[in-house]
>>> print(open('entry.cif').read())   # mmCIF, C-alpha atoms and all ligand atoms
data_query
#
loop_
_atom_site.label_atom_id
_atom_site.label_comp_id
_atom_site.auth_asym_id
_atom_site.auth_seq_id
_atom_site.Cartn_x
_atom_site.Cartn_y
_atom_site.Cartn_z
CA MET A 13 118.71 120.73 128.69
CA PRO A 14 121.41 119.31 126.41
CA VAL A 15 123.94 117.29 128.37
CA PRO A 16 127.47 117.81 126.95
CA GLY A 17 128.82 114.72 125.27
CA THR A 18 125.44 113.11 124.65
CA ASP A 19 123.71 112.83 121.34
CA LEU A 20 120.25 114.10 122.20
CA ARG A 21 117.59 113.30 119.67
CA VAL A 22 114.97 115.83 120.74
CA GLY A 23 114.23 119.48 119.94
CA ALA A 24 116.41 121.12 117.30
CA ALA A 25 118.39 117.90 116.79
CA ILE A 26 115.32 116.04 115.49
CA ARG A 27 113.23 118.86 114.05
CA GLY A 28 114.47 118.39 110.46
CA GLU A 29 112.88 114.90 110.42
CA PHE A 30 109.42 116.52 110.44
CA PRO A 31 108.66 118.60 107.33
CA ILE A 32 105.46 120.06 108.77
CA PHE A 33 107.55 122.50 110.81
CA GLU A 34 108.69 124.18 107.59
CA THR A 35 105.20 125.64 107.25
CA ALA A 36 103.45 125.28 110.60
CA THR A 37 103.71 125.45 114.37
CA TYR A 38 102.52 121.95 115.16
CA LEU A 39 101.11 121.50 118.66
CA ASN A 40 98.59 118.74 118.06
CA SER A 41 100.38 115.50 118.93
CA CYS A 42 97.48 114.58 121.25
CA SER A 43 95.46 114.04 118.05
CA GLN A 44 98.12 112.85 115.61
CA GLY A 45 101.90 112.89 115.79
CA ALA A 46 103.74 114.78 113.03
CA LEU A 47 104.85 112.77 109.99
CA SER A 48 108.60 112.10 109.88
CA ARG A 49 110.73 111.39 106.84
CA ARG A 50 111.54 108.03 108.36
CA VAL A 51 107.88 107.01 108.64
CA ARG A 52 107.19 108.20 105.10
CA ASP A 53 110.14 106.12 103.83
CA ALA A 54 108.89 103.08 105.75
CA VAL A 55 105.40 103.33 104.25
CA GLU A 56 106.91 103.83 100.80
CA GLY A 57 109.03 100.72 101.46
CA TRP A 58 105.85 98.77 102.13
CA LEU A 59 104.38 99.95 98.81
CA ALA A 60 107.61 99.18 96.93
CA GLY A 61 107.72 95.66 98.39
CA TRP A 62 104.10 95.06 97.46
CA ASP A 63 104.82 96.27 93.94
CA GLU A 64 107.91 94.11 93.53
CA ASN A 65 106.96 90.93 95.33
CA GLY A 66 103.22 90.89 95.96
CA ALA A 67 102.54 89.41 99.38
CA GLU A 68 105.67 89.73 101.53
CA TRP A 69 103.98 87.59 104.15
CA ASP A 70 107.11 86.58 106.07
CA PHE A 71 108.29 90.16 106.32
CA TRP A 72 104.83 91.30 107.46
CA VAL A 73 104.87 88.75 110.26
CA GLU A 74 108.39 89.89 111.11
CA ARG A 75 107.17 93.54 111.28
CA ASN A 76 104.38 92.44 113.64
CA GLU A 77 106.92 90.84 115.95
CA ALA A 78 109.32 93.78 115.60
CA PHE A 79 106.50 96.05 116.76
CA ARG A 80 105.66 93.77 119.68
CA SER A 81 109.32 93.79 120.81
CA THR A 82 109.68 97.55 120.37
CA ILE A 83 106.64 98.20 122.52
CA ALA A 84 107.83 95.68 125.09
CA ALA A 85 111.14 97.55 125.37
CA LEU A 86 109.31 100.88 125.67
CA LEU A 87 107.19 99.58 128.57
CA HIS A 88 110.02 97.58 130.24
CA ALA A 89 108.01 94.43 129.62
CA GLY A 90 108.56 91.04 128.06
CA ALA A 91 107.41 90.60 124.44
CA ASP A 92 105.23 87.67 125.52
CA ASP A 93 103.19 90.04 127.63
CA VAL A 94 102.31 92.42 124.78
CA ALA A 95 99.41 91.96 122.36
CA VAL A 96 99.52 93.73 118.99
CA THR A 97 96.08 95.22 118.40
CA THR A 98 94.45 97.18 115.63
CA SER A 99 93.15 99.77 118.11
CA VAL A 100 92.64 100.32 121.82
CA SER A 101 89.01 99.40 121.16
CA GLN A 102 89.94 95.97 119.79
CA GLY A 103 92.27 95.20 122.67
CA VAL A 104 89.89 96.37 125.40
CA SER A 105 86.97 94.53 123.79
CA ALA A 106 89.00 91.31 123.81
CA LEU A 107 90.03 91.94 127.42
CA VAL A 108 86.50 92.59 128.63
CA SER A 109 85.22 89.56 126.70
CA ALA A 110 87.46 87.48 128.97
CA LEU A 111 85.91 88.78 132.20
CA PRO A 112 83.29 86.36 133.54
CA LEU A 113 81.27 89.22 135.10
CA ASP A 114 79.49 86.70 137.28
CA ARG A 115 79.81 85.18 140.76
CA GLY A 116 78.94 88.56 142.21
CA ARG A 117 81.84 90.32 140.45
CA ASN A 118 80.06 92.25 137.73
CA ARG A 119 81.08 95.87 138.29
CA ILE A 120 83.25 98.01 136.05
CA VAL A 121 84.49 101.22 137.65
CA ILE A 122 85.49 103.91 135.16
CA SER A 123 86.95 107.37 135.60
CA GLU A 124 85.10 110.28 134.08
CA TYR A 125 88.24 110.86 131.99
CA GLU A 126 88.10 107.63 130.00
CA PHE A 127 88.18 107.93 126.24
CA PRO A 128 84.68 107.28 124.78
CA THR A 129 85.69 103.85 123.50
CA VAL A 130 86.47 102.59 127.02
CA GLY A 131 83.22 103.98 128.45
CA GLN A 132 81.19 102.56 125.60
CA ILE A 133 82.80 99.12 125.85
CA ALA A 134 82.12 99.15 129.62
CA HIS A 135 78.46 100.07 129.11
CA ALA A 136 78.12 97.43 126.35
CA GLN A 137 78.80 94.88 129.10
CA GLU A 138 75.50 95.90 130.72
CA LEU A 139 74.02 93.58 128.09
CA ARG A 140 75.95 90.81 129.91
CA GLY A 141 74.76 91.87 133.35
CA ALA A 142 77.53 94.33 134.23
CA GLN A 143 77.06 97.47 136.29
CA VAL A 144 79.15 100.50 135.42
CA VAL A 145 80.17 102.93 138.15
CA HIS A 146 81.54 106.35 137.18
CA VAL A 147 84.13 108.15 139.30
CA GLN A 148 83.70 111.91 139.05
CA PRO A 149 86.37 114.61 139.31
CA GLU A 150 86.57 117.09 142.19
CA ASP A 151 85.90 120.79 141.63
CA ASP A 152 89.56 121.30 140.70
CA GLY A 153 89.28 118.66 137.97
CA SER A 154 91.42 116.04 139.72
CA ILE A 155 90.19 112.54 140.57
CA PRO A 156 92.07 111.54 143.72
CA ALA A 157 92.73 107.85 144.36
CA GLU A 158 90.31 108.03 147.35
CA ARG A 159 87.38 108.64 144.99
CA PHE A 160 88.27 105.40 143.20
CA ALA A 161 88.71 103.58 146.50
CA GLU A 162 85.18 104.62 147.52
CA ALA A 163 83.76 103.19 144.28
CA ILE A 164 85.69 99.90 144.38
CA ASP A 165 84.53 96.87 146.39
CA GLU A 166 84.45 93.08 146.18
CA ARG A 167 81.87 93.33 143.38
CA THR A 168 84.39 95.15 141.14
CA ALA A 169 85.89 93.15 138.26
CA LEU A 170 87.70 95.94 136.43
CA VAL A 171 88.83 99.49 137.18
CA CYS A 172 89.48 101.73 134.16
CA CYS A 173 91.66 104.74 134.94
CA THR A 174 93.28 106.32 131.93
CA THR A 175 96.90 107.28 132.64
CA LEU A 176 96.42 110.79 131.26
CA SER A 177 93.13 112.48 130.47
CA TYR A 178 92.65 113.31 126.78
CA ARG A 179 90.36 116.16 127.76
CA SER A 180 92.03 117.86 130.70
CA GLY A 181 95.66 116.67 130.80
CA HIS A 182 95.33 115.25 134.35
CA ARG A 183 97.52 112.28 135.19
CA HIS A 184 96.06 109.69 137.56
CA ASP A 185 97.84 108.32 140.61
CA LEU A 186 97.82 104.82 139.12
CA ALA A 187 99.82 103.16 141.88
CA ALA A 188 97.39 104.28 144.60
CA ILE A 189 94.32 103.40 142.50
CA ALA A 190 95.78 99.97 141.72
CA GLU A 191 96.44 99.38 145.41
CA ALA A 192 92.74 99.92 146.19
CA ALA A 193 91.66 97.77 143.24
CA HIS A 194 94.01 94.92 144.07
CA ALA A 195 92.93 94.93 147.71
CA ALA A 196 89.39 94.24 146.45
CA GLY A 197 90.53 91.62 143.92
CA ALA A 198 89.86 93.76 140.82
CA ILE A 199 92.14 94.29 137.85
CA VAL A 200 93.20 97.71 136.57
CA LEU A 201 93.22 98.94 132.99
CA ALA A 202 95.30 102.04 132.32
CA ASP A 203 94.55 103.30 128.82
CA SER A 204 97.79 105.15 128.18
CA TYR A 205 97.27 106.45 124.66
CA GLN A 206 97.84 110.06 125.75
CA ALA A 207 100.99 109.15 127.63
CA CYS A 208 102.93 106.51 125.72
CA GLY A 209 105.89 108.02 123.92
CA ALA A 210 105.91 111.22 125.99
CA VAL A 211 105.71 109.89 129.56
CA GLU A 212 107.96 107.14 130.89
CA LEU A 213 105.76 104.08 131.57
CA ASP A 214 107.40 101.20 133.40
CA VAL A 215 104.91 98.39 133.83
CA ARG A 216 107.06 96.92 136.61
CA SER A 217 106.14 99.82 138.88
CA LEU A 218 103.10 101.43 137.27
CA GLY A 219 100.56 99.39 139.25
CA ALA A 220 98.13 98.69 136.39
CA ASP A 221 97.49 95.13 135.16
CA VAL A 222 96.68 96.12 131.61
CA VAL A 223 98.19 99.01 129.65
CA THR A 224 96.87 100.06 126.25
CA GLY A 225 97.96 102.57 123.65
CA GLY A 226 98.46 103.10 119.94
CA THR A 227 100.72 104.68 117.38
CA VAL A 228 98.69 107.63 116.15
CA LYS A 229 99.90 110.19 118.66
CA TYR A 230 103.17 110.44 120.61
CA LEU A 231 104.49 107.20 119.07
CA LEU A 232 104.61 108.96 115.69
CA GLY A 233 102.99 106.27 113.55
CA THR A 234 99.59 106.09 111.97
CA ALA A 235 96.07 104.72 112.51
CA GLY A 236 95.21 101.03 112.68
CA LEU A 237 97.82 99.87 115.18
CA GLY A 238 97.85 99.60 118.95
CA PHE A 239 99.11 97.42 121.75
CA MET A 240 97.97 95.95 125.02
CA TRP A 241 100.32 94.83 127.77
CA VAL A 242 98.76 92.33 130.16
CA ARG A 243 100.39 91.34 133.45
CA PRO A 244 101.28 87.64 133.05
CA GLU A 245 99.79 86.60 136.41
CA VAL A 246 96.47 88.17 135.40
CA ARG A 247 96.55 86.93 131.83
CA LYS A 248 96.51 83.26 132.75
CA ALA A 249 92.92 83.52 134.00
CA LEU A 250 91.72 85.55 131.03
CA VAL A 251 90.41 83.65 128.01
CA PRO A 252 88.98 86.08 125.47
CA THR A 253 85.76 85.10 123.73
CA GLN A 254 86.35 87.88 121.23
CA THR A 255 89.26 86.62 119.16
CA GLY A 256 90.80 85.96 115.73
CA TRP A 257 93.21 83.59 114.02
CA PHE A 258 96.33 85.58 114.94
CA ALA A 259 95.46 84.91 118.59
CA ASP A 260 95.64 81.14 118.08
CA GLU A 261 98.36 79.00 119.64
CA ASP A 262 99.42 78.04 116.09
CA ILE A 263 98.35 80.49 113.40
CA PHE A 264 99.53 78.24 110.61
CA ALA A 265 97.63 75.16 111.84
CA MET A 266 94.64 76.81 110.08
CA SER A 267 92.28 74.75 112.21
CA ILE A 268 88.53 75.36 112.25
CA ALA A 269 87.95 72.53 114.70
CA ASP A 270 88.65 74.22 118.03
CA TYR A 271 89.63 77.37 119.93
CA SER A 272 93.12 77.29 121.42
CA PRO A 273 94.22 80.75 122.42
CA HIS A 274 97.94 81.40 122.56
CA GLU A 275 99.62 81.01 125.93
CA SER A 276 101.13 84.51 125.72
CA ALA A 277 99.42 87.93 125.48
CA ARG A 278 99.17 87.17 121.77
CA ARG A 279 95.80 85.65 122.78
CA PHE A 280 94.50 89.25 122.60
CA ASP A 281 95.70 89.75 119.01
CA SER A 282 93.06 89.52 116.29
CA GLY A 283 93.14 88.90 112.52
CA THR A 284 95.58 89.80 109.74
CA PRO A 285 98.00 92.38 111.17
CA PRO A 286 97.57 96.00 110.00
CA VAL A 287 100.53 95.85 107.62
CA PRO A 288 100.90 99.49 106.46
CA ALA A 289 100.44 100.74 110.03
CA LEU A 290 103.12 98.29 111.20
CA TYR A 291 105.68 99.76 108.81
CA ALA A 292 104.82 103.25 110.04
CA GLY A 293 104.59 102.16 113.67
CA VAL A 294 107.95 100.42 113.88
CA ALA A 295 109.62 103.47 112.29
CA GLY A 296 107.76 105.98 114.47
CA VAL A 297 108.34 104.18 117.76
CA GLY A 298 111.98 103.82 116.71
CA LEU A 299 112.38 107.61 116.67
CA VAL A 300 110.92 107.86 120.18
CA ALA A 301 112.99 104.95 121.46
CA GLU A 302 116.22 106.40 120.07
CA ALA A 303 115.50 109.70 121.81
CA GLY A 304 114.60 107.81 124.99
CA VAL A 305 111.26 108.45 126.67
CA PRO A 306 112.83 109.90 129.87
CA VAL A 307 114.69 112.42 127.68
CA VAL A 308 111.47 113.24 125.78
CA GLU A 309 109.60 113.61 129.06
CA SER A 310 112.13 116.04 130.46
CA HIS A 311 112.24 118.03 127.19
CA VAL A 312 108.44 118.20 127.12
CA GLY A 313 108.32 119.08 130.84
CA GLY A 314 110.44 122.16 130.12
CA LEU A 315 108.19 123.25 127.26
CA VAL A 316 105.04 122.71 129.33
CA GLY A 317 106.54 124.77 132.16
CA ARG A 318 107.29 127.62 129.74
CA LEU A 319 103.75 127.42 128.35
CA LEU A 320 102.15 127.43 131.82
CA ASP A 321 104.19 130.49 132.84
CA GLY A 322 103.14 132.29 129.67
CA LEU A 323 99.48 131.37 130.14
CA ASP A 324 99.63 132.66 133.72
CA ALA A 325 101.05 135.94 132.46
CA LEU A 326 98.06 136.17 130.08
CA GLY A 327 95.65 135.46 132.96
CA ALA A 328 94.33 132.36 131.15
CA THR A 329 92.34 129.63 132.94
CA VAL A 330 94.43 126.46 132.77
CA VAL A 331 92.65 123.27 133.82
CA THR A 332 95.73 121.02 133.67
CA PRO A 333 97.47 120.61 137.04
CA ARG A 334 100.75 122.42 137.75
CA GLU A 335 102.41 119.63 139.69
CA LEU A 336 104.89 117.79 137.45
CA ALA A 337 103.74 114.32 138.57
CA ARG A 338 100.10 115.15 137.81
CA ARG A 339 100.57 116.32 134.22
CA GLY A 340 102.15 115.21 130.94
CA PRO A 341 102.53 116.66 127.45
CA LEU A 342 98.97 118.06 127.21
CA VAL A 343 97.86 121.48 128.45
CA CYS A 344 94.16 122.43 128.37
CA VAL A 345 92.98 126.03 128.57
CA ARG A 346 89.42 127.32 128.83
CA SER A 347 88.08 129.40 125.96
CA THR A 348 84.93 131.48 125.49
CA ASP A 349 84.64 130.21 121.90
CA VAL A 350 87.08 127.39 121.33
CA ASP A 351 86.07 126.68 117.73
CA ALA A 352 86.78 130.29 116.80
CA LEU A 353 90.08 130.15 118.66
CA VAL A 354 91.25 126.93 116.97
CA ALA A 355 90.23 128.36 113.58
CA SER A 356 92.00 131.69 114.21
CA LEU A 357 95.18 129.89 115.20
CA ALA A 358 94.91 127.55 112.20
CA ALA A 359 94.67 130.61 109.96
CA GLU A 360 98.13 131.53 111.28
CA ARG A 361 99.31 127.92 110.74
CA ILE A 362 99.35 127.18 114.46
CA ILE A 363 97.84 123.70 114.70
CA VAL A 364 96.05 122.85 117.96
CA SER A 365 92.79 121.08 118.84
CA SER A 366 89.92 121.30 121.30
CA ARG A 367 87.67 119.26 123.57
CA GLU A 368 84.47 120.75 125.00
CA ASP A 369 85.29 124.39 125.87
CA LYS A 370 89.02 123.79 126.12
CA LEU A 371 91.94 124.44 123.84
CA ARG A 372 94.35 121.48 123.78
CA VAL A 373 98.03 122.19 123.31
CA ALA A 374 100.28 119.15 123.05
CA LEU A 375 104.07 119.29 123.21
CA HIS A 376 106.40 116.59 121.95
CA LEU A 377 110.02 115.76 121.23
CA TYR A 378 110.15 117.91 118.08
CA ASN A 379 108.77 121.08 119.67
CA LEU A 380 110.96 124.03 120.63
CA ASP A 381 110.64 127.03 122.94
CA GLU A 382 109.90 129.11 119.85
CA ASP A 383 106.72 127.05 119.20
CA VAL A 384 105.50 127.88 122.69
CA ASP A 385 106.34 131.56 122.18
CA THR A 386 104.62 131.66 118.78
CA LEU A 387 101.47 130.24 120.38
CA LEU A 388 101.62 132.62 123.36
CA ASP A 389 102.03 135.64 121.04
CA ALA A 390 98.97 134.54 119.08
CA LEU A 391 96.95 133.90 122.25
CA ALA A 392 97.81 137.39 123.48
CA ARG A 393 96.30 138.75 120.25
CA HIS A 394 93.22 136.52 120.68
CA ARG A 395 93.00 137.15 124.43
CA ARG A 396 89.25 137.85 124.25
CA LEU A 397 88.71 134.18 123.29
CA LEU A 398 90.36 132.99 126.54
CA LEU A 399 88.38 132.78 129.77
C1 LIG A 401 93.03 108.09 125.64
C2 LIG A 401 92.66 107.53 124.30
N1 LIG A 401 92.29 106.25 124.21
C3 LIG A 401 91.94 105.69 123.03
C4 LIG A 401 91.96 106.45 121.88
C5 LIG A 401 91.59 105.82 120.58
O1 LIG A 401 91.21 104.49 120.68
P1 LIG A 401 91.18 103.55 119.39
O2 LIG A 401 92.59 103.12 119.14
O3 LIG A 401 90.29 102.45 119.76
O4 LIG A 401 90.64 104.38 118.26
C6 LIG A 401 92.34 107.80 121.93
C7 LIG A 401 92.39 108.69 120.77
O5 LIG A 401 92.09 108.52 119.67
C8 LIG A 401 92.71 108.34 123.18
O6 LIG A 401 93.07 109.61 123.28
#
>>> encode(input="entry.cif", output="structure tokens")
Amino acid sequence: MPVPGTDLRVGAAIRGEFPIFETATYLNSCSQGALSRRVRDAVEGWLAGWDENGAEWDFWVERNEAFRSTIAALLHAGADDVAVTTSVSQGVSALVSALPLDRGRNRIVISEYEFPTVGQIAHAQELRGAQVVHVQPEDDGSIPAERFAEAIDERTALVCCTTLSYRSGHRHDLAAIAEAAHAAGAIVLADSYQACGAVELDVRSLGADVVTGGTVKYLLGTAGLGFMWVRPEVRKALVPTQTGWFADEDIFAMSIADYSPHESARRFDSGTPPVPALYAGVAGVGLVAEAGVPVVESHVGGLVGRLLDGLDALGATVVTPRELARRGPLVCVRSTDVDALVASLAAERIIVSSREDKLRVALHLYNLDEDVDTLLDALARHRRLLL
């Protein structure tokens, strides 16, 4: 809802930044955010600088730090507590490499909704003696905090509970899960890729000890760039054995004689920063930050509500919870033939995606009521493909 006197940067006010809407109804931000003019200009700026000056090393390092600070502001964190990563995978691998997984604390508890990379990194630790415990959803698709609490004990080193499921749209009760984990002395990783940029994440109250994400989706950048916030009290005991020269206490010492990880969360950085993705990332996150995540979240909440009402009217089977606190920008709907449904919608230039037997519809700051209505009209015509 526009508030008189404020300069809202969501919906119709921002739509012109994203050329894709001239030809498509774009509802796929859970896979990739739409390209903005600002991000295109930033990437072209990187190419122009390369052309003119060759290596703009100082500016690249500055972009890396600009990204770190932008993410810190987004998460209400200090810049020293944010690592700049090349992917969630790189950050989580470095994190897990710092866990001793000994002295009887060798368990990793993971929700069934983790992204494959988190599950695979957890299982890779079996080679180091870890045991991985999976927490399964209830019949209604939710994973209540009690299910985590049952799986967590004094043998648990790490609990992985994604903030928002990439395959069902469920949002975890992170605070309650973290309470159970902390009581047992375990740390909590909340992979927040499907939330950051569309859901307000305040690390001061979230409960998790580690928060990861990246710029491909709701942060409106491109591939090759991510971040990892690590609670400072937890970080001090974590010394990654998977590392790189940008994680060193003094990058420019160029020493090959020792390993001295940086005091700050930078110790989870890796090698040469992903320069093109940094240009895109700083510009993309800037658009989200200017809009303000709480404003985006409320805009998206309205669109999701409209979509859920329309899906109910169609008699569709929605797997995403109704309760506002349990959902985010992603709505998942069961289909009898999801590939055919995605293809039929794509033929009408309605861009969505799928996971398993579910259609995924993702709403973001640039979407409008009319996008929801366009999709609902098309779904009514393809009703036989909905369960
Ligand atoms: C929840 C979640 N985590 C992680 C990723 C990707 O991880 P990475 O940055 O390692 O490719 C995705 C999507 O690509 C995701 O949806």
>>> atom_distance(input="entry.cif", atom1="CA of Val294 (chain A)", atom2="CA of Leu231 (chain A)")
9.2 Å
>>> closest_residue(input="entry.cif", among="A:Phe79, A:Phe160, A:Tyr271, A:Phe71", to="Gly226 (chain A)", atoms="all atoms listed in the file")
A:Phe79
>>> closest_atom_pairs(input="entry.cif", of="chain A", to="ligand LIG 401 (chain A)", cutoff="8 Å", atoms="all atoms listed in the file", output="CSV")
residue,atom,partner,partner_atom,distance
A:Cys42,CA,A:LIG401,O6,6.9
A:Ser43,CA,A:LIG401,O5,6.7
A:Thr98,CA,A:LIG401,O2,7.1
A:Ser99,CA,A:LIG401,O2,3.5
A:Val100,CA,A:LIG401,O3,3.8
A:Ser101,CA,A:LIG401,O3,3.6
A:Gln102,CA,A:LIG401,O3,6.5
A:Glu126,CA,A:LIG401,C1,6.6
A:Phe127,CA,A:LIG401,N1,4.9
A:Pro128,CA,A:LIG401,C3,7.6
A:Thr129,CA,A:LIG401,O3,6.1
A:Val130,CA,A:LIG401,N1,7.4
A:Thr174,CA,A:LIG401,C1,6.5
A:Leu176,CA,A:LIG401,C1,7.1
A:Ser177,CA,A:LIG401,C1,6.5
A:Tyr178,CA,A:LIG401,O6,5.1
A:Asp203,CA,A:LIG401,N1,5.9
A:Ser204,CA,A:LIG401,C1,6.1
A:Tyr205,CA,A:LIG401,C1,4.7
A:Gln206,CA,A:LIG401,C1,5.2
A:Thr224,CA,A:LIG401,N1,8.0
A:Gly225,CA,A:LIG401,N1,6.8
A:Gly226,CA,A:LIG401,O2,5.9
A:Val228,CA,A:LIG401,O5,7.5
A:Lys229,CA,A:LIG401,C7,7.9
A:Ala235,CA,A:LIG401,O2,7.7
A:Gly236,CA,A:LIG401,O2,7.3
A:Leu237,CA,A:LIG401,O2,7.3
A:Gly238,CA,A:LIG401,O2,6.3
>>> residues_around(input="entry.cif", residues="region 310-320 of chain A", least_positions_apart="2", cutoff="6 Å", atoms="only C-alpha atoms", output="MDAnalysis selection string")
chainID A and resid 307:308 322:323 375:376 384
>>> write_last_selection(input="entry.cif", atoms="C-alpha atoms", output="PDB file, in the coordinates of the input")
ATOM      1  CA  VAL A 307     114.690 112.420 127.680  1.00  0.00           C
ATOM      2  CA  VAL A 308     111.470 113.240 125.780  1.00  0.00           C
ATOM      3  CA  GLY A 322     103.140 132.290 129.670  1.00  0.00           C
ATOM      4  CA  LEU A 323      99.480 131.370 130.140  1.00  0.00           C
ATOM      5  CA  LEU A 375     104.070 119.290 123.210  1.00  0.00           C
ATOM      6  CA  HIS A 376     106.400 116.590 121.950  1.00  0.00           C
ATOM      7  CA  VAL A 384     105.500 127.880 122.690  1.00  0.00           C
TER       8      VAL A 384
END
>>> closest_residue(input="entry.cif", among="A:Glu302, A:Glu368, A:Glu29, A:Asp93", to="Arg49 (chain A)", atoms="all atoms listed in the file")
A:Glu29
>>> decode(input="entry.cif", residues="region 180-191 of chain A", atoms="N, CA and C atoms", output="PDB file, in the first residue's frame")
ATOM      1  N   SER A 180       9.212 -25.758  -1.222  1.00  0.00           N
ATOM      2  CA  SER A 180       7.823 -25.740  -0.752  1.00  0.00           C
ATOM      3  C   SER A 180       7.381 -24.344  -0.304  1.00  0.00           C
ATOM      4  N   GLY A 181       8.344 -23.455  -0.071  1.00  0.00           N
ATOM      5  CA  GLY A 181       7.999 -22.103   0.385  1.00  0.00           C
ATOM      6  C   GLY A 181       7.813 -21.998   1.887  1.00  0.00           C
ATOM      7  N   HIS A 182       7.993 -23.103   2.640  1.00  0.00           N
ATOM      8  CA  HIS A 182       7.860 -23.031   4.105  1.00  0.00           C
ATOM      9  C   HIS A 182       8.986 -22.203   4.715  1.00  0.00           C
ATOM     10  N   ARG A 183       8.626 -21.431   5.749  1.00  0.00           N
ATOM     11  CA  ARG A 183       9.629 -20.691   6.502  1.00  0.00           C
ATOM     12  C   ARG A 183       9.785 -21.362   7.868  1.00  0.00           C
ATOM     13  N   HIS A 184      11.027 -21.619   8.257  1.00  0.00           N
ATOM     14  CA  HIS A 184      11.268 -22.264   9.549  1.00  0.00           C
ATOM     15  C   HIS A 184      11.141 -21.295  10.711  1.00  0.00           C
ATOM     16  N   ASP A 185      10.820 -21.847  11.876  1.00  0.00           N
ATOM     17  CA  ASP A 185      10.809 -21.057  13.104  1.00  0.00           C
ATOM     18  C   ASP A 185      12.241 -21.062  13.652  1.00  0.00           C
ATOM     19  N   LEU A 186      13.067 -20.203  13.058  1.00  0.00           N
ATOM     20  CA  LEU A 186      14.505 -20.236  13.363  1.00  0.00           C
ATOM     21  C   LEU A 186      14.809 -19.982  14.833  1.00  0.00           C
ATOM     22  N   ALA A 187      14.080 -19.051  15.433  1.00  0.00           N
ATOM     23  CA  ALA A 187      14.376 -18.699  16.827  1.00  0.00           C
ATOM     24  C   ALA A 187      14.185 -19.915  17.731  1.00  0.00           C
ATOM     25  N   ALA A 188      13.102 -20.657  17.520  1.00  0.00           N
ATOM     26  CA  ALA A 188      12.826 -21.829  18.372  1.00  0.00           C
ATOM     27  C   ALA A 188      13.833 -22.949  18.094  1.00  0.00           C
ATOM     28  N   ILE A 189      14.188 -23.126  16.831  1.00  0.00           N
ATOM     29  CA  ILE A 189      15.168 -24.172  16.481  1.00  0.00           C
ATOM     30  C   ILE A 189      16.524 -23.822  17.093  1.00  0.00           C
ATOM     31  N   ALA A 190      16.888 -22.536  16.995  1.00  0.00           N
ATOM     32  CA  ALA A 190      18.175 -22.097  17.549  1.00  0.00           C
ATOM     33  C   ALA A 190      18.207 -22.282  19.064  1.00  0.00           C
ATOM     34  N   GLU A 191      17.070 -22.067  19.705  1.00  0.00           N
ATOM     35  CA  GLU A 191      17.027 -22.229  21.159  1.00  0.00           C
ATOM     36  C   GLU A 191      17.383 -23.676  21.525  1.00  0.00           C
TER      37      GLU A 191
END
